[in-house]
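A.B. asks: Okay, handing you the structure first.
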Protein chains: 2
Amino acid sequence: MEQFQLSDVLLKKIADLISVKNNTQLKKIVKDIHFADMAEIINELNENQGIYLIKLFDSEKTSEILTELNEDVREKILKALSVKEIADEIEELDSDDAADILGELSEERKEKVISKISDDNLADNLIELLSYQEDSAGGLMAKELVKANENWSVLKCLSEIKKQGENVTRVHSIYVVDDMDILIGRLSLKDLIISSSKKKIKDILIPKVDSVNVMESGEEIAKIMSKYDLEAIPVVDDKKHLLGRITIDDIVDFIKEEAEEDYLIAAGVQGDVEADDSILELTKARLPWLFLGLVGGLGSVFILEGFEEFMNDPTYKALFFFTPLIAAMAGNVGVQSSAIIVQGLANDIVKGSLLKRLIKELGLSLINGIILGLLTILFGLGINQPLELSLVISLSMLCVIIVAALIGTSIPIILDKKGIDPAIATGPFITTSNDIFGIFLFFYIAKIFLL
Amino acid sequence: MEQFQLSDVLLKKIADLISVKNNTQLKKIVKDIHFADMAEIINELNENQGIYLIKLFDSEKTSEILTELNEDVREKILKALSVKEIADEIEELDSDDAADILGELSEERKEKVISKISDDNLADNLIELLSYQEDSAGGLMAKELVKANENWSVLKCLSEIKKQGENVTRVHSIYVVDDMDILIGRLSLKDLIISSSKKKIKDILIPKVDSVNVMESGEEIAKIMSKYDLEAIPVVDDKKHLLGRITIDDIVDFIKEEAEEDYLIAAGVQGDVEADDSILELTKARLPWLFLGLVGGLGSVFILEGFEEFMNDPTYKALFFFTPLIAAMAGNVGVQSSAIIVQGLANDIVKGSLLKRLIKELGLSLINGIILGLLTILFGLGINQPLELSLVISLSMLCVIIVAALIGTSIPIILDKKGIDPAIATGPFITTSNDIFGIFLFFYIAKIFLL
């Protein structure tokens, strides 16, 4: 299987066919294109072309395409569809995807769409799903699942599954409940096929069944599912009533989004933006961190002014030539330290005392600092800089590296303990504070030794 | 389900019981602990304790624990196990996990272990799996799968599945092959249950079956599986012979590892390290990028020396106080731009011409640069700096921001076109080159206007 490659030629061909309204030819071209690829095509077309194209498909395909579109494109297309049309699409979807799309509509349209849904059970399910927090188990789960009563026979269970299974795309596990709808076990389709048809479900169920509470966070569920290699997990309320199930494909998307967010935060980009977003959205995501950098930079202007006296000395004024080096070292070391800790926190491998971490980090930065310091002394010899000055620069740099590493290690651990996402510490936050702190420390140490 | 929380109390209790060799009590404590959690415990124990504990379990649990251990801990434990013991563990595992463990042994031990495996079929499968590249489809796939011949009846297929299914933990799809073992379709267990038992498989199979070539890269497979929401994908050779299958849980791990790697690279940490690795390993991962920073910093010493004449002017010497600000701006803007592009490249949303991207980036940096420049002028007024100087600083900073953004955008796109992982561009590489370039540009522009 080759991944579909969207070509400019194909895009142009589709756009041309839309402009002459050649539906026969259009349908022929798009017939074999997977809905995920179709979404990619529509993302690239303009609004009217996208709407034209999406109305060409039957509801089953349209609804799948809708779930895969970029959010801003979907918003425009949903605006162009009637309440009845949206309701038709939604009826084709699994309840979790349907609820996600409904959640993007205005309150008023949301209610109108729900009132147009002919299947009352689905409407109730959607109202329930919409009541949960988006990134909680309730917001991630689907209502479609296959469940069996413990008192059924294997035979009855098989025929029930044929019925229930029609609405469920993929059957991972059959969840077993008691008469009160409380989750008490699970079965695999394989177990069911292997067992004699007269046996009762309660005799063959596996009583050990993992579940998550409906309020659990998506992040925690992602950890649990990937740690224990689960492909689906049932969702229950506080009294263990079975409410829905979360499948691994929803979690894959969640893991990817979380990782992307951390990566962008580390690079000083805030929130959920993409290269294709508008200049305004991108500015909103980038300017705050640049502003922080500006404040830090202007702060260091004051610090440097405070050490202006070095400028009057023909030798020592060279210290000012080293400020970018010191700032870079402080920033780089700090970001490295905090990224390793953030990664460790995410994988639950940062345990034990903060003190032990700091001692390790101290050792590490001593090694790095001494090596880099010696290289700086060699450089000084190379440019005929007075040895005294080189020694002071190297020593100050060593101190800056140590302090930057300790700050970089502590901040994420402290943030994590306070329940704040430690990833924000890796970004410009660390760089900026370490810049200022590093420059101050550098000149301060130099002053002690030289003036 | 609560995620297991490893406590110091539990660890101490286990360590104490090991020291007094109280196996009865130990077995009682660990009985209900999931193997993934057990691996976490052993990761924290010392080598001898870990080996003691692992020998306490039956091979089924031991083998599962082995797959979950940290690589360095597993290496030590495998060294302490005999060739026969390792062979026993490996026979309990799915072929993909077994091959991963075998792959970590020395060539000599690997062969010895394989020769001790009693199941010849498994031994052959392992030799085959070991022949593939670790991160290719062949290296990721398992040989265990359920396959049906197109000429079987549904009844025969069901009874074959009962047989084959015993070795397969989770049956996602049943792959249908012709007499030449060429993949021609698929079936779900659900289809099979729903169909009449006399039908032939060829009458009910779904002919559209996605597959990946055995040489395909893990990265590409991750993209395909997550884009098309696949839970398993069959692996075939060039002639479409069915060789194995890859399941989504293997891909989840792969996606997580890739994301972690990108994140660490962006933070200037090279390769696959963790907070718990040794100081030596961490130094190896961090020092190269710090060295790059040092070279850049020392390079900027020369640049600043070149503009020493500004120091003789009582007003213009203030320019030197602004170097950390300029370096920070150049670095931050460059990292932001490149991170957004790297993210876009990973998600295949960076299309169209480089020129269009650069024009957008130009617009974006003009907005950011003008806002930040105006703030800098305000700052200058606040500290009674001559307006002329503030204007020049702001103008130079604007140019630096624009150039940094353009460099940050181009480098990842160029690297990607050359087949190099663009993620490396987000890290200290961009920061360092932008530092130097930014500082030079800043003083050069100031010189044009002021001297």
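Chains: A, B, ... in order of the structure tokens. Residues: from 1 per chain. Ligands: from 1, in order shown.
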Could you list the residues in chain B lying within 6 Å of chain A, using only C-alpha atoms, and format the result as a list in words?

C.D. replies: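 Taken together, these residues fit the definition: Met1, Asp210, Ser211, Val212, Asp229, Asp249, Ala259, Tyr263, Ala267, Gly268, Ala275, Ile279, Gly297, Val301, Leu304, Phe321, Phe322, Pro324, Leu325, Val335, Gln336, Ile340, Gly344 and Leu364 of chain B.
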
A.B. asks: Deliver the residues from the most recent selection as a file, using N, CA and C atoms, as a PDB file, in the first residue's frame.

C.D. replies:
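Saved result, out36.pdb, follows:
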```
ATOM      1  N   MET B   1     -10.180   2.046  36.475  1.00  0.00           N
ATOM      2  CA  MET B   1      -8.826   1.519  36.598  1.00  0.00           C
ATOM      3  C   MET B   1      -7.867   2.644  36.974  1.00  0.00           C
ATOM      4  N   ASP B 210      -5.677  -3.543   2.535  1.00  0.00           N
ATOM      5  CA  ASP B 210      -4.455  -2.748   2.555  1.00  0.00           C
ATOM      6  C   ASP B 210      -3.313  -3.637   3.015  1.00  0.00           C
ATOM      7  N   SER B 211      -2.128  -3.396   2.482  1.00  0.00           N
ATOM      8  CA  SER B 211      -0.971  -4.126   2.992  1.00  0.00           C
ATOM      9  C   SER B 211       0.251  -3.233   2.826  1.00  0.00           C
ATOM     10  N   VAL B 212       1.300  -3.560   3.538  1.00  0.00           N
ATOM     11  CA  VAL B 212       2.541  -2.814   3.338  1.00  0.00           C
ATOM     12  C   VAL B 212       3.635  -3.776   2.929  1.00  0.00           C
ATOM     13  N   ASP B 229      -6.868   4.883  10.186  1.00  0.00           N
ATOM     14  CA  ASP B 229      -7.436   4.220  11.367  1.00  0.00           C
ATOM     15  C   ASP B 229      -7.387   2.699  11.298  1.00  0.00           C
ATOM     16  N   ASP B 249      -0.700  -1.573  18.377  1.00  0.00           N
ATOM     17  CA  ASP B 249       0.025  -1.329  19.636  1.00  0.00           C
ATOM     18  C   ASP B 249       1.525  -1.195  19.400  1.00  0.00           C
ATOM     19  N   ALA B 259       8.064  10.790  18.412  1.00  0.00           N
ATOM     20  CA  ALA B 259       7.704  12.106  18.931  1.00  0.00           C
ATOM     21  C   ALA B 259       8.696  12.539  20.002  1.00  0.00           C
ATOM     22  N   TYR B 263      11.210  15.800  19.972  1.00  0.00           N
ATOM     23  CA  TYR B 263      11.149  16.753  21.075  1.00  0.00           C
ATOM     24  C   TYR B 263      12.549  16.975  21.657  1.00  0.00           C
ATOM     25  N   ALA B 267      15.282  20.214  21.618  1.00  0.00           N
ATOM     26  CA  ALA B 267      15.862  20.785  22.829  1.00  0.00           C
ATOM     27  C   ALA B 267      17.378  20.595  22.853  1.00  0.00           C
ATOM     28  N   GLY B 268      17.950  20.104  21.753  1.00  0.00           N
ATOM     29  CA  GLY B 268      19.398  19.960  21.704  1.00  0.00           C
ATOM     30  C   GLY B 268      19.919  18.754  22.459  1.00  0.00           C
ATOM     31  N   ALA B 275      16.134  10.350  31.377  1.00  0.00           N
ATOM     32  CA  ALA B 275      16.611  10.967  32.614  1.00  0.00           C
ATOM     33  C   ALA B 275      17.404   9.982  33.469  1.00  0.00           C
ATOM     34  N   ILE B 279      25.515   9.320  33.623  1.00  0.00           N
ATOM     35  CA  ILE B 279      26.051  10.650  33.331  1.00  0.00           C
ATOM     36  C   ILE B 279      26.847  10.628  32.029  1.00  0.00           C
ATOM     37  N   GLY B 297      29.191  30.766  19.765  1.00  0.00           N
ATOM     38  CA  GLY B 297      29.434  31.859  20.707  1.00  0.00           C
ATOM     39  C   GLY B 297      30.806  32.474  20.498  1.00  0.00           C
ATOM     40  N   VAL B 301      32.178  36.274  19.170  1.00  0.00           N
ATOM     41  CA  VAL B 301      33.218  37.109  19.787  1.00  0.00           C
ATOM     42  C   VAL B 301      33.955  37.882  18.688  1.00  0.00           C
ATOM     43  N   LEU B 304      31.750  40.641  17.206  1.00  0.00           N
ATOM     44  CA  LEU B 304      31.628  41.803  18.081  1.00  0.00           C
ATOM     45  C   LEU B 304      32.930  42.605  18.114  1.00  0.00           C
ATOM     46  N   PHE B 321      24.843  46.533  24.815  1.00  0.00           N
ATOM     47  CA  PHE B 321      23.922  46.053  25.843  1.00  0.00           C
ATOM     48  C   PHE B 321      22.742  45.301  25.214  1.00  0.00           C
ATOM     49  N   PHE B 322      22.563  45.535  23.914  1.00  0.00           N
ATOM     50  CA  PHE B 322      21.410  44.913  23.245  1.00  0.00           C
ATOM     51  C   PHE B 322      21.742  43.566  22.575  1.00  0.00           C
ATOM     52  N   PRO B 324      22.382  40.532  23.792  1.00  0.00           N
ATOM     53  CA  PRO B 324      21.607  39.357  24.215  1.00  0.00           C
ATOM     54  C   PRO B 324      20.165  39.405  23.683  1.00  0.00           C
ATOM     55  N   LEU B 325      19.593  40.614  23.620  1.00  0.00           N
ATOM     56  CA  LEU B 325      18.230  40.748  23.096  1.00  0.00           C
ATOM     57  C   LEU B 325      18.173  40.284  21.637  1.00  0.00           C
ATOM     58  N   VAL B 335      13.604  29.293  15.744  1.00  0.00           N
ATOM     59  CA  VAL B 335      13.103  28.018  16.260  1.00  0.00           C
ATOM     60  C   VAL B 335      11.595  27.911  16.050  1.00  0.00           C
ATOM     61  N   GLN B 336      10.877  28.996  16.289  1.00  0.00           N
ATOM     62  CA  GLN B 336       9.431  28.975  16.057  1.00  0.00           C
ATOM     63  C   GLN B 336       9.118  28.628  14.605  1.00  0.00           C
ATOM     64  N   ILE B 340       7.278  24.984  13.330  1.00  0.00           N
ATOM     65  CA  ILE B 340       5.983  24.934  12.650  1.00  0.00           C
ATOM     66  C   ILE B 340       6.120  24.217  11.307  1.00  0.00           C
ATOM     67  N   GLY B 344       4.532  20.652  10.216  1.00  0.00           N
ATOM     68  CA  GLY B 344       3.739  20.584   8.994  1.00  0.00           C
ATOM     69  C   GLY B 344       4.247  19.516   8.041  1.00  0.00           C
ATOM     70  N   LEU B 364       4.369  37.541   8.351  1.00  0.00           N
ATOM     71  CA  LEU B 364       4.272  37.234   9.774  1.00  0.00           C
ATOM     72  C   LEU B 364       5.364  37.934  10.557  1.00  0.00           C
TER      73      LEU B 364
END
```

A.B. asks: If we count only C-alpha atoms, what is near Ala148 in chain B at a cut-off of 12 Å, once residues fewer than 5 positions away on the same chain are taken out, given as a PyMOL selection string?

C.D. replies: chain B and resi 153-165+173-179+181-189+192+200-202+204-205+242

A.B. asks: Rounded to one decimal, what separation in Å do you get between CA of Leu140 in chain B and CA of Ala423 in chain B?

C.D. replies: 23.2 Å

A.B. asks: So the first atom is CA of Leu366 in chain B and the second is CA of Ile411 in chain B; what is the distance between them in Å, to one decimal place?

C.D. replies: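 Here the two named atoms are 19.7 Å from each other.
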
A.B. asks: Any idea what the distance is between CA of Lys116 in chain B and CA of Lys84 in chain B?

C.D. replies: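 So the two atoms, CA of Lys116 in chain B and CA of Lys84 in chain B, lie 6.2 Å apart.
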
A.B. asks: Give the helix (DSSP H, G or I) residues of range 101-331 of chain A, as DSSP finds them on the backbone, and put them as a ChimeraX atom specification.

C.D. replies: /A:101-103,107-116,120-130,137-140,154-165,189-194,201-204,218-227,248-266,279-306,308-312,316-331

A.B. asks: Could you dump the residues just selected with C-alpha atoms as a compact mmCIF listing (two decimals), in the first residue's frame?

C.D. replies:
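So selection06.txt came out as:
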```txt
# COMPACT_ATOMS: atom_id res chain seq x y z
CA ILE A 101 -18.86 17.37 14.99
CA LEU A 102 -21.94 18.48 16.91
CA GLY A 103 -19.67 20.06 19.50
CA GLU A 107 -25.71 25.96 20.68
CA GLU A 108 -28.71 26.84 18.59
CA ARG A 109 -27.76 24.76 15.54
CA LYS A 110 -26.67 21.90 17.78
CA GLU A 111 -30.17 21.64 19.26
CA LYS A 112 -31.80 21.93 15.86
CA VAL A 113 -29.64 19.17 14.42
CA ILE A 114 -30.33 16.87 17.36
CA SER A 115 -34.08 17.43 16.97
CA LYS A 116 -33.82 16.30 13.33
CA ASP A 120 -34.09 8.64 19.41
CA ASN A 121 -31.54 6.38 21.00
CA LEU A 122 -28.75 8.06 19.03
CA ALA A 123 -30.07 11.51 19.94
CA ASP A 124 -30.03 10.59 23.63
CA ASN A 125 -26.54 9.17 23.32
CA LEU A 126 -25.30 12.34 21.66
CA ILE A 127 -26.81 14.57 24.33
CA GLU A 128 -25.08 12.42 26.93
CA LEU A 129 -21.71 12.52 25.13
CA LEU A 130 -21.90 16.28 24.68
CA ALA A 137 -13.05 9.57 28.99
CA GLY A 138 -16.67 10.67 28.47
CA GLY A 139 -15.67 13.02 25.67
CA LEU A 140 -13.47 10.42 23.97
CA VAL A 154 -23.32 -18.71 24.36
CA LEU A 155 -25.89 -19.37 21.64
CA LYS A 156 -28.09 -16.45 22.62
CA CYS A 157 -24.99 -14.28 22.95
CA LEU A 158 -23.86 -15.13 19.41
CA SER A 159 -27.20 -14.18 17.94
CA GLU A 160 -27.34 -10.97 19.99
CA ILE A 161 -23.88 -10.07 18.78
CA LYS A 162 -25.00 -10.49 15.19
CA LYS A 163 -27.67 -7.91 15.95
CA GLN A 164 -25.59 -5.48 18.05
CA GLY A 165 -22.53 -5.97 15.89
CA LEU A 189 -15.09 -13.19 20.10
CA LYS A 190 -12.53 -15.96 19.95
CA ASP A 191 -13.60 -17.30 23.39
CA LEU A 192 -17.16 -17.25 22.23
CA ILE A 193 -16.42 -19.19 19.05
CA ILE A 194 -14.37 -21.74 20.91
CA ILE A 201 -21.76 -16.42 29.69
CA LYS A 202 -21.09 -16.24 33.43
CA ASP A 203 -19.20 -19.54 33.14
CA ILE A 204 -16.84 -18.38 30.42
CA GLY A 218 -7.39 11.58 28.07
CA GLU A 219 -3.74 11.85 29.00
CA GLU A 220 -4.08 9.27 31.74
CA ILE A 221 -6.08 6.95 29.47
CA ALA A 222 -3.40 7.23 26.79
CA LYS A 223 -0.80 6.21 29.37
CA ILE A 224 -2.87 3.27 30.59
CA MET A 225 -3.77 1.97 27.13
CA SER A 226 -0.27 2.21 25.75
CA LYS A 227 1.37 0.82 28.89
CA ILE A 248 -6.96 2.71 20.55
CA ASP A 249 -7.36 4.66 17.29
CA ASP A 250 -8.89 7.59 19.18
CA ILE A 251 -5.98 7.39 21.58
CA VAL A 252 -3.42 7.31 18.78
CA ASP A 253 -4.74 10.67 17.61
CA PHE A 254 -4.65 11.92 21.17
CA ILE A 255 -1.04 10.80 21.71
CA LYS A 256 0.01 12.45 18.46
CA GLU A 257 -1.70 15.71 19.34
CA GLU A 258 -0.15 15.78 22.81
CA ALA A 259 3.31 15.10 21.42
CA GLU A 260 2.91 17.81 18.80
CA GLU A 261 1.78 20.27 21.41
CA ASP A 262 4.80 19.56 23.63
CA TYR A 263 7.11 19.92 20.67
CA LEU A 264 5.64 23.27 19.67
CA ILE A 265 5.64 24.53 23.25
CA ALA A 266 9.34 23.62 23.48
CA ILE A 279 -1.07 34.86 9.70
CA LEU A 280 -3.27 36.23 12.48
CA GLU A 281 -3.56 32.84 14.20
CA LEU A 282 0.16 32.23 13.83
CA THR A 283 0.96 35.67 15.25
CA LYS A 284 -1.25 34.96 18.25
CA ALA A 285 0.63 31.71 18.80
CA ARG A 286 4.08 33.23 18.45
CA LEU A 287 4.01 36.83 19.64
CA PRO A 288 3.47 36.11 23.36
CA TRP A 289 6.69 34.12 23.62
CA LEU A 290 8.59 36.66 21.55
CA PHE A 291 7.27 39.34 23.87
CA LEU A 292 8.62 37.33 26.80
CA GLY A 293 11.96 37.19 24.99
CA LEU A 294 11.81 40.95 24.46
CA VAL A 295 11.19 41.59 28.15
CA GLY A 296 14.10 39.30 29.01
CA GLY A 297 16.34 40.97 26.46
CA LEU A 298 15.49 44.46 27.67
CA GLY A 299 16.06 43.24 31.21
CA SER A 300 19.55 42.18 30.26
CA VAL A 301 20.15 45.70 28.86
CA PHE A 302 19.87 46.97 32.43
CA ILE A 303 22.14 44.25 33.74
CA LEU A 304 24.80 45.03 31.16
CA GLU A 305 24.53 48.76 31.85
CA GLY A 306 25.28 47.92 35.47
CA GLU A 308 29.46 49.41 32.06
CA GLU A 309 32.68 50.11 33.96
CA PHE A 310 34.29 47.10 32.24
CA MET A 311 34.06 49.07 29.00
CA ASN A 312 36.57 51.57 30.25
CA TYR A 316 38.22 43.74 30.20
CA LYS A 317 35.88 45.33 27.69
CA ALA A 318 36.31 42.04 25.79
CA LEU A 319 33.90 40.54 28.33
CA PHE A 320 31.09 42.20 26.37
CA PHE A 321 32.09 40.21 23.33
CA PHE A 322 31.32 37.06 25.28
CA THR A 323 27.75 37.90 26.26
CA PRO A 324 26.13 36.04 23.32
CA LEU A 325 28.23 32.96 24.18
CA ILE A 326 27.16 33.05 27.83
CA ALA A 327 23.51 33.64 26.95
CA ALA A 328 23.58 30.78 24.44
CA MET A 329 25.22 28.41 26.93
CA ALA A 330 22.78 29.26 29.70
CA GLY A 331 19.82 28.85 27.35
```

A.B. asks: A:Ile393, A:Ala425, A:Ala232, A:Leu243: which is nearest Ile445 in chain A, counting only C-alpha atoms?

C.D. replies: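 Residue with the minimum atom-to-atom distance to Ile445 in chain A: A:Ile393.
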
A.B. asks: Would you please work out which residue, of B:Asp237, B:Ile77, B:Asp32, B:Asp272, is nearest to Lys208 in chain A when using only C-alpha atoms?

C.D. replies: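 Using only C-alpha atoms, the shortest distance to Lys208 in chain A belongs to B:Asp32.
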
A.B. asks: As a ChimeraX atom specification, please: every residue in range 108-324 of chain A that a backbone DSSP assignment puts in strand (DSSP E or B).

C.D. replies: /A:136,142,146-149,153,174-177,182-187,200,206,212-213,217,232-236,241-247

A.B. asks: Which residues, written as an mmCIF file with N, CA and C atoms, in the first residue's frame, have at least one atom at most 12 Å from Ser59 in chain B, with only C-alpha atoms counted and residues fewer than 6 positions away on the same chain left out?

C.D. replies:
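out-v8.cif written:
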```cif
data_model
loop_
_atom_site.group_PDB
_atom_site.id
_atom_site.type_symbol
_atom_site.label_atom_id
_atom_site.label_comp_id
_atom_site.auth_asym_id
_atom_site.auth_seq_id
_atom_site.Cartn_x
_atom_site.Cartn_y
_atom_site.Cartn_z
ATOM 1 N N PHE B 35 2.248 -7.344 34.424
ATOM 2 C CA PHE B 35 3.659 -7.475 34.040
ATOM 3 C C PHE B 35 4.310 -6.144 33.682
ATOM 4 N N ILE B 65 7.341 -9.705 31.191
ATOM 5 C CA ILE B 65 8.075 -8.666 31.945
ATOM 6 C C ILE B 65 9.313 -8.252 31.159
ATOM 7 N N LEU B 66 10.024 -9.257 30.633
ATOM 8 C CA LEU B 66 11.247 -8.961 29.875
ATOM 9 C C LEU B 66 10.991 -7.949 28.759
ATOM 10 N N LYS B 84 19.331 -21.732 27.778
ATOM 11 C CA LYS B 84 18.086 -22.510 27.836
ATOM 12 C C LYS B 84 16.954 -21.673 28.434
ATOM 13 N N GLU B 85 17.280 -20.942 29.495
ATOM 14 C CA GLU B 85 16.237 -20.107 30.131
ATOM 15 C C GLU B 85 15.703 -19.064 29.154
ATOM 16 N N ILE B 86 16.626 -18.427 28.429
ATOM 17 C CA ILE B 86 16.177 -17.415 27.463
ATOM 18 C C ILE B 86 15.307 -18.068 26.392
ATOM 19 N N ALA B 87 15.719 -19.245 25.916
ATOM 20 C CA ALA B 87 14.929 -19.942 24.890
ATOM 21 C C ALA B 87 13.519 -20.222 25.411
ATOM 22 N N ASP B 88 13.414 -20.624 26.685
ATOM 23 C CA ASP B 88 12.084 -20.890 27.256
ATOM 24 C C ASP B 88 11.220 -19.636 27.268
ATOM 25 N N GLU B 89 11.826 -18.509 27.655
ATOM 26 C CA GLU B 89 11.076 -17.247 27.687
ATOM 27 C C GLU B 89 10.591 -16.902 26.286
ATOM 28 N N ILE B 90 11.506 -17.053 25.344
ATOM 29 C CA ILE B 90 11.209 -16.628 23.986
ATOM 30 C C ILE B 90 10.075 -17.437 23.369
ATOM 31 N N GLU B 91 9.998 -18.706 23.738
ATOM 32 C CA GLU B 91 8.912 -19.530 23.208
ATOM 33 C C GLU B 91 7.543 -19.049 23.676
ATOM 34 N N GLU B 92 7.522 -18.297 24.761
ATOM 35 C CA GLU B 92 6.253 -17.807 25.285
ATOM 36 C C GLU B 92 5.774 -16.539 24.577
ATOM 37 N N LEU B 93 6.682 -15.902 23.858
ATOM 38 C CA LEU B 93 6.362 -14.570 23.329
ATOM 39 C C LEU B 93 5.835 -14.606 21.903
#
```
